[in-house]
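Q: The following block contains the structure, expressed as structure tokens.
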Amino acid sequence: MTSLNPSESATNASKTTTRNHLTIHVTDDQDDVQLDMMRYQQLATAVLDRQGVNRASELSVIFVSSNVIAELNQQHMGHQGPTDVLAFPIDEHATQPQDTSDTPLLLGDVVICPSVAADNCSSNKNSYPGHRGTVTDEIDLLVVHGILHVLGMDHADEHEQQQMQKSERTHLAAFRESEV
């Protein structure tokens, strides 16, 4: 069975950042693509803030190899082969007011395969304003996409897809503006 526990990362240390009420674990368990871990922690924080996650919450963003994501894709989605991103929501109602419990809301895990992102990045160039076809642009999109899934958004029908893409573009534009 594949382990996704960030504390068990054999090759790369987990980056865990706590900001106010959010705890975000970002772990790199792959060797195919060099990543800026702080970038993805900042992006995840920005998305959760903009989505109104307003209670003590935890999220994990885990970067894995194509073999690991293929195994997860088969186990959880019933699909053969690697994919770029999988989202595993845990608790619901992240944008609801904090209850009286001190227990953090476990949002879930976003699992991303950078090597699949690298394969897809040039074909996804211009898929949103500012996507220049780089691996970084593609992984930025996957981080946002995965978090939106964890928070309950989907793209099963055309209306949902349009709403999700609009939200992705809004988050990515705001993040790019904050980088300047």
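Residue numbering restarts at 1 in every chain; chains get A, B, ... in the order shown in the structure tokens, and ligands count up from 1 in that same order.
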I'd like the neighbourhood of range 53-68 of chain A as a count of residues only, where a residue qualifies if any of its atoms comes within 7 Å (using only C-alpha atoms), though same-chain residues fewer than 4 positions away should be ignored.
A: 33
Q: Write down as a PyMOL selection string the residues of range 36-167 of chain A whose backbone DSSP state falls under strand (DSSP E).
A: chain A and resi 57-64+85-89+105-112
Q: Could you write out that same residue set with N, CA and C atoms as an mmCIF file, in the first residue's frame?
A:
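Output contents, as saved in selection.cif:
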```cif
data_model
loop_
_atom_site.group_PDB
_atom_site.id
_atom_site.type_symbol
_atom_site.label_atom_id
_atom_site.label_comp_id
_atom_site.auth_asym_id
_atom_site.auth_seq_id
_atom_site.Cartn_x
_atom_site.Cartn_y
_atom_site.Cartn_z
ATOM 1 N N SER A 57 -7.812 24.678 10.319
ATOM 2 C CA SER A 57 -7.893 23.680 9.250
ATOM 3 C C SER A 57 -6.509 23.177 8.866
ATOM 4 N N GLU A 58 -6.487 21.939 8.354
ATOM 5 C CA GLU A 58 -5.249 21.344 7.866
ATOM 6 C C GLU A 58 -5.446 20.815 6.454
ATOM 7 N N LEU A 59 -4.415 21.003 5.631
ATOM 8 C CA LEU A 59 -4.403 20.529 4.257
ATOM 9 C C LEU A 59 -3.009 19.992 3.955
ATOM 10 N N SER A 60 -2.955 18.918 3.177
ATOM 11 C CA SER A 60 -1.670 18.404 2.700
ATOM 12 C C SER A 60 -1.621 18.498 1.184
ATOM 13 N N VAL A 61 -0.473 18.952 0.672
ATOM 14 C CA VAL A 61 -0.182 18.934 -0.758
ATOM 15 C C VAL A 61 1.053 18.054 -0.902
ATOM 16 N N ILE A 62 0.892 16.952 -1.637
ATOM 17 C CA ILE A 62 1.946 15.954 -1.718
ATOM 18 C C ILE A 62 2.319 15.751 -3.182
ATOM 19 N N PHE A 63 3.603 15.884 -3.488
ATOM 20 C CA PHE A 63 4.116 15.683 -4.838
ATOM 21 C C PHE A 63 4.725 14.284 -4.901
ATOM 22 N N VAL A 64 4.253 13.478 -5.877
ATOM 23 C CA VAL A 64 4.648 12.075 -5.946
ATOM 24 C C VAL A 64 5.099 11.702 -7.356
ATOM 25 N N VAL A 85 -3.325 15.066 -11.107
ATOM 26 C CA VAL A 85 -3.715 15.473 -9.754
ATOM 27 C C VAL A 85 -4.886 14.623 -9.279
ATOM 28 N N LEU A 86 -4.851 14.297 -7.998
ATOM 29 C CA LEU A 86 -5.962 13.640 -7.319
ATOM 30 C C LEU A 86 -6.236 14.417 -6.041
ATOM 31 N N ALA A 87 -7.497 14.503 -5.681
ATOM 32 C CA ALA A 87 -7.884 15.207 -4.460
ATOM 33 C C ALA A 87 -8.677 14.258 -3.574
ATOM 34 N N PHE A 88 -8.348 14.269 -2.297
ATOM 35 C CA PHE A 88 -9.001 13.414 -1.325
ATOM 36 C C PHE A 88 -9.555 14.268 -0.186
ATOM 37 N N PRO A 89 -10.791 14.753 -0.327
ATOM 38 C CA PRO A 89 -11.394 15.542 0.749
ATOM 39 C C PRO A 89 -11.666 14.663 1.969
ATOM 40 N N LEU A 105 -10.250 21.278 11.448
ATOM 41 C CA LEU A 105 -10.952 20.662 10.336
ATOM 42 C C LEU A 105 -9.904 20.069 9.404
ATOM 43 N N LEU A 106 -10.006 18.789 9.124
ATOM 44 C CA LEU A 106 -9.074 18.136 8.213
ATOM 45 C C LEU A 106 -9.646 18.256 6.815
ATOM 46 N N LEU A 107 -9.083 19.157 6.021
ATOM 47 C CA LEU A 107 -9.605 19.407 4.687
ATOM 48 C C LEU A 107 -9.358 18.223 3.762
ATOM 49 N N GLY A 108 -8.141 17.712 3.764
ATOM 50 C CA GLY A 108 -7.816 16.572 2.925
ATOM 51 C C GLY A 108 -6.436 16.680 2.326
ATOM 52 N N ASP A 109 -6.239 15.874 1.279
ATOM 53 C CA ASP A 109 -4.946 15.790 0.610
ATOM 54 C C ASP A 109 -5.105 16.095 -0.871
ATOM 55 N N VAL A 110 -4.141 16.839 -1.398
ATOM 56 C CA VAL A 110 -4.017 17.063 -2.832
ATOM 57 C C VAL A 110 -2.725 16.367 -3.234
ATOM 58 N N VAL A 111 -2.825 15.420 -4.166
ATOM 59 C CA VAL A 111 -1.671 14.642 -4.604
ATOM 60 C C VAL A 111 -1.402 15.004 -6.060
ATOM 61 N N ILE A 112 -0.184 15.462 -6.329
ATOM 62 C CA ILE A 112 0.182 15.963 -7.655
ATOM 63 C C ILE A 112 1.400 15.208 -8.166
#
```
Q: Give me the residues within 8 Å of range 128-143 of chain A as a PDB file with C-alpha atoms, in the first residue's frame, counting only C-alpha atoms and dropping any in the same chain fewer than 3 places off.
A:
```pdb
ATOM      1  CA  TYR A  40       3.160  25.918  -3.322  1.00  0.00           C
ATOM      2  CA  LEU A  43      -0.299  29.372  -3.157  1.00  0.00           C
ATOM      3  CA  ALA A  44      -2.263  26.896  -1.019  1.00  0.00           C
ATOM      4  CA  VAL A  61      -0.182  18.934  -0.758  1.00  0.00           C
ATOM      5  CA  ASP A  84      -1.716  14.837 -12.943  1.00  0.00           C
ATOM      6  CA  VAL A  85      -3.715  15.473  -9.754  1.00  0.00           C
ATOM      7  CA  VAL A 110      -4.017  17.063  -2.832  1.00  0.00           C
ATOM      8  CA  ILE A 112       0.182  15.963  -7.655  1.00  0.00           C
ATOM      9  CA  PRO A 114       5.067  16.778 -11.397  1.00  0.00           C
ATOM     10  CA  ALA A 117       2.481  18.023 -15.238  1.00  0.00           C
ATOM     11  CA  ALA A 118       5.769  18.394 -17.131  1.00  0.00           C
ATOM     12  CA  ASN A 120       1.193  18.296 -20.130  1.00  0.00           C
ATOM     13  CA  CYS A 121       2.484  21.829 -19.627  1.00  0.00           C
ATOM     14  CA  SER A 122       3.232  22.733 -23.244  1.00  0.00           C
ATOM     15  CA  SER A 123      -0.113  21.434 -24.517  1.00  0.00           C
ATOM     16  CA  ASN A 124      -1.907  23.427 -21.781  1.00  0.00           C
ATOM     17  CA  LYS A 125      -0.148  26.676 -22.668  1.00  0.00           C
ATOM     18  CA  GLY A 146      -6.889  20.087  -6.321  1.00  0.00           C
ATOM     19  CA  ILE A 147      -7.693  22.454  -3.457  1.00  0.00           C
ATOM     20  CA  GLU A 168      -9.094  28.785 -10.830  1.00  0.00           C
ATOM     21  CA  ARG A 169      -8.393  31.819 -13.003  1.00  0.00           C
ATOM     22  CA  LEU A 172      -4.104  32.202 -10.220  1.00  0.00           C
ATOM     23  CA  ALA A 173      -4.397  35.870 -11.256  1.00  0.00           C
TER      24      ALA A 173
END
```
Q: So how many Å separate CA of Met164 in chain A and CA of Gly78 in chain A, to one decimal?
A: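 Computing it gives 23.4 Å between the two atoms.
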Q: Report, in Å with one decimal, the straight-line distance from CA of Thr170 in chain A to CA of Ile69 in chain A.
A: 27.5 Å
Q: So which bits of range 17-121 of chain A end up helix (DSSP H, G or I) when you DSSP the backbone, as a PyMOL selection string?
A: chain A and resi 37-50+66-77+114-120
Q: CA of Ala174 in chain A and CA of Val47 in chain A are how many Å apart?
A: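 The value is 9.2 Å.
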Q: What lies within 10 Å of Gln42 in chain A using only C-alpha atoms, ignoring chain neighbours under 4 positions off, as a PyMOL selection string?
A: chain A and resi 17+24+37-38+46-47+175
Q: Would you save the residues of that selection, restricted to N, CA and C atoms, as a PDB file, in the first residue's frame?
A:
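Once written, result.pdb looks like this:
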```
ATOM      1  N   THR A  17       3.773  24.669   7.276  1.00  0.00           N
ATOM      2  CA  THR A  17       3.655  26.056   7.667  1.00  0.00           C
ATOM      3  C   THR A  17       2.302  26.272   8.309  1.00  0.00           C
ATOM      4  N   ILE A  24      -0.670  23.922   6.680  1.00  0.00           N
ATOM      5  CA  ILE A  24      -0.511  23.361   5.347  1.00  0.00           C
ATOM      6  C   ILE A  24       0.799  22.579   5.306  1.00  0.00           C
ATOM      7  N   MET A  37       9.067  24.482  -3.032  1.00  0.00           N
ATOM      8  CA  MET A  37       8.078  24.078  -2.035  1.00  0.00           C
ATOM      9  C   MET A  37       7.398  25.278  -1.373  1.00  0.00           C
ATOM     10  N   MET A  38       8.157  26.329  -1.121  1.00  0.00           N
ATOM     11  CA  MET A  38       7.578  27.513  -0.482  1.00  0.00           C
ATOM     12  C   MET A  38       6.514  28.135  -1.377  1.00  0.00           C
ATOM     13  N   ALA A  46      -2.965  31.074   0.035  1.00  0.00           N
ATOM     14  CA  ALA A  46      -3.730  32.128  -0.639  1.00  0.00           C
ATOM     15  C   ALA A  46      -5.094  31.619  -1.099  1.00  0.00           C
ATOM     16  N   VAL A  47      -5.134  30.414  -1.661  1.00  0.00           N
ATOM     17  CA  VAL A  47      -6.401  29.854  -2.141  1.00  0.00           C
ATOM     18  C   VAL A  47      -7.352  29.626  -0.969  1.00  0.00           C
ATOM     19  N   PHE A 175      -2.732  35.339  -7.277  1.00  0.00           N
ATOM     20  CA  PHE A 175      -1.416  34.857  -6.819  1.00  0.00           C
ATOM     21  C   PHE A 175      -0.299  35.482  -7.642  1.00  0.00           C
TER      22      PHE A 175
END
```
Q: Given only C-alpha atoms as the basis, pick out the residue of A:Ala70, A:Met77, A:Leu148, A:Val33 nearest to Gln161 in chain A.
A: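 Closest candidate: A:Leu148.
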